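Following: one structure in structure tokens, then a few remarks.
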Amino acid sequence: MSNRFIATTSALILSAGIALADTPRVVVDITPIHSLVSKVMKGIGKPDLIIPAGASPHEYQLRPSEAKSIQDAKLVFWIGEDLTPWLEKGLSSLAKDATVTTLLEVDGIELLDFREGALFEAHDHDDHGDHDDHDHDKHAKKDDDHDDHGHGNHDPHAWLSPKIAKVWLNVIAAKLSEVDPKNAGTYFANANTARQDLDVLSEEINKILDPMRDKKFVVFHDAYQYFEKDFNISASGAISLSDASDPSPSRLAEVRKRVFDESVKCVLAEPQFKKGLVKSVIEGTGSNTAVIDPLGIKLQAGP
């Protein structure tokens, strides 16, 4: 083996090590945000994930390795305390040297209030997308069992809106460019590609949904109104107000009555919640059921 080959190989390994060392340490809270940040960092580095797929964002205990990642981070991207109230204290104490971006607080997005009732009124599809901020609560019918939705002031499931995700991609690229200006061009180019991917995905979703815009469906918990707004569909109700609380018997009875009376076609479950609750709602109604996964817990973390 020639000395020149050894020297060249050593130089390549050294330069790769330096490039890796120069990559900013980035930490994110949940897998959908990990996906967006991974897309923006493609070819440069990978973010660390705090809450693993399958764990509840509302209740999670940091492991030492995750706490260390936050402590070493240069940048942190998280949805905000409306989704993970327990994480705010950890970020305050551990991420002292990091730039922390709360995605629900960035400019250019519209936050929605929770719909408090078990049953939802159908949106005016011709008017969709023209609502003022936080107007969805006027569509809600108050539930008599006063379930605690377990979240903060706003519905935090905003990652289910491609329009909001596109805003976040710009913010992510900008924040990365501030701490790593030499790679700014790559970050913004990657963000642009990711926005185009979301446009293609949105077109595909719209084509899938076109034949079933007016079909009635019920969701397990009220996590999908951002998706509903972007794609001009309307859930008829939710079995549980939140994935952090069990529904009361009166709420279950109310949802079941709507499923039966209005011939609701489908009741959508989620992978980590009790199948028996869905069964109790649809039994004897002729309604179908399927599983949808708002956090992508069965997908490999990454872009």
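Residue numbering restarts at 1 in every chain; chains get A, B, ... in the order shown in the structure tokens, and ligands count up from 1 in that same order.
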> Could you pull out all residues of region 41-226 of chain A with a DSSP call of strand (DSSP E or B) and give them as JSON, numbers by chain?
Replying inline: {"A": [48, 49, 75, 76, 77, 78, 99, 100, 101, 102, 119, 120, 140, 217, 218, 219, 220, 221]}
Output C-alpha atoms for every residue in the selection just made, as an mmCIF file, in the first residue's frame.
data_model
loop_
_atom_site.group_PDB
_atom_site.id
_atom_site.type_symbol
_atom_site.label_atom_id
_atom_site.label_comp_id
_atom_site.auth_asym_id
_atom_site.auth_seq_id
_atom_site.Cartn_x
_atom_site.Cartn_y
_atom_site.Cartn_z
ATOM 1 C CA ASP A 48 -31.783 13.639 17.590
ATOM 2 C CA LEU A 49 -35.283 12.531 18.597
ATOM 3 C CA LEU A 75 -30.855 23.981 18.231
ATOM 4 C CA VAL A 76 -34.107 22.556 19.594
ATOM 5 C CA PHE A 77 -37.355 22.346 17.620
ATOM 6 C CA TRP A 78 -40.511 21.394 19.518
ATOM 7 C CA THR A 99 -31.717 28.215 20.417
ATOM 8 C CA VAL A 100 -35.173 26.799 21.180
ATOM 9 C CA THR A 101 -37.899 27.203 18.552
ATOM 10 C CA THR A 102 -41.490 26.625 19.631
ATOM 11 C CA LEU A 119 -70.205 15.817 18.233
ATOM 12 C CA PHE A 120 -69.072 18.261 15.553
ATOM 13 C CA ALA A 140 -68.434 22.775 19.008
ATOM 14 C CA PHE A 217 -66.768 9.467 9.843
ATOM 15 C CA VAL A 218 -65.894 9.600 13.534
ATOM 16 C CA VAL A 219 -62.328 9.774 14.910
ATOM 17 C CA PHE A 220 -60.938 8.278 18.095
ATOM 18 C CA HIS A 221 -59.832 11.624 19.508
#
> Hey, what's within 10 Å of His154 (chain A) if we count only C-alpha atoms and toss same-chain stuff fewer than 3 positions away? As a list of chain:residue names, please?
Replying inline: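 Near neighbours after the sequence-gap exclusion: A:Glu81, A:Asp82, A:Leu83, A:Leu104, A:Leu111, A:Leu112, A:Asp113, A:Phe114, A:Arg115, A:His134, A:His151, A:His157, A:Ala158.
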Residue subset to file, keeping N, CA, C and O atoms, as a CSV table (one decimal), in the first residue's frame:
chain,number,residue,atom,x,y,z
A,81,GLU,N,-45.6,23.6,24.6
A,81,GLU,CA,-46.2,23.0,25.8
A,81,GLU,C,-47.6,22.6,25.7
A,81,GLU,O,-48.1,21.8,26.5
A,82,ASP,N,-48.3,23.0,24.7
A,82,ASP,CA,-49.7,22.5,24.4
A,82,ASP,C,-49.7,21.0,24.2
A,82,ASP,O,-50.7,20.3,24.4
A,83,LEU,N,-48.6,20.5,23.6
A,83,LEU,CA,-48.5,19.1,23.4
A,83,LEU,C,-47.7,18.4,24.4
A,83,LEU,O,-48.1,17.3,24.9
A,104,LEU,N,-45.4,26.1,17.5
A,104,LEU,CA,-46.7,26.7,17.5
A,104,LEU,C,-46.7,28.2,17.7
A,104,LEU,O,-47.8,28.8,17.5
A,111,LEU,N,-53.5,29.0,14.6
A,111,LEU,CA,-53.8,28.0,15.6
A,111,LEU,C,-55.3,27.8,15.7
A,111,LEU,O,-56.1,28.7,15.6
A,112,LEU,N,-55.7,26.6,16.1
A,112,LEU,CA,-57.1,26.3,16.2
A,112,LEU,C,-57.4,25.9,17.7
A,112,LEU,O,-56.6,25.2,18.3
A,113,ASP,N,-58.6,26.3,18.2
A,113,ASP,CA,-59.0,25.9,19.5
A,113,ASP,C,-59.5,24.5,19.5
A,113,ASP,O,-60.0,24.0,18.4
A,114,PHE,N,-59.5,23.8,20.6
A,114,PHE,CA,-60.2,22.5,20.7
A,114,PHE,C,-61.7,22.6,20.5
A,114,PHE,O,-62.3,23.5,21.0
A,115,ARG,N,-62.2,21.6,19.9
A,115,ARG,CA,-63.7,21.4,19.8
A,115,ARG,C,-64.1,20.6,21.1
A,115,ARG,O,-63.7,19.5,21.3
A,134,HIS,N,-59.0,30.8,15.5
A,134,HIS,CA,-59.7,30.2,16.7
A,134,HIS,C,-61.2,30.2,16.5
A,134,HIS,O,-61.9,30.2,17.5
A,151,HIS,N,-54.7,19.0,27.2
A,151,HIS,CA,-53.7,19.8,26.5
A,151,HIS,C,-53.8,21.2,27.0
A,151,HIS,O,-54.4,21.6,28.0
A,157,HIS,N,-52.0,19.7,17.2
A,157,HIS,CA,-51.7,18.7,16.2
A,157,HIS,C,-51.5,19.4,14.8
A,157,HIS,O,-52.0,18.9,13.8
A,158,ALA,N,-50.8,20.5,14.8
A,158,ALA,CA,-50.7,21.3,13.6
A,158,ALA,C,-49.8,20.7,12.5
A,158,ALA,O,-49.9,21.1,11.4
>> Applying 8 Å and only C-alpha atoms, which residues near region 22-36 of chain A remain after dropping the ones on its own chain fewer than 3 positions away? List them as a PyMOL selection string.
In response: chain A and resi 18-19+39-40+44-53+57+69-70+72-79+159+165+169+176+179-180+194+295-297+301-303
> Restricting the calculation to only C-alpha atoms, which member of A:Ala223, A:Leu268, A:Met212, A:Ala189 is positioned closest to Ala173 (chain A)?
Replying inline: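 The answer is A:Ala189, which sits nearest to Ala173 (chain A).
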> Which is closer to Ser38 (chain A) than all the others in A:Ser240, A:Gln272, A:Asn206, A:Asn190, using only C-alpha atoms?
Replying inline: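 Among the listed residues, the smallest separation from Ser38 (chain A) belongs to A:Asn190.
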>> Could you tell me how far CA of Ile208 (chain A) sits from CA of Val37 (chain A), in Å to one decimal place?
In response: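 The value is 27.0 Å.
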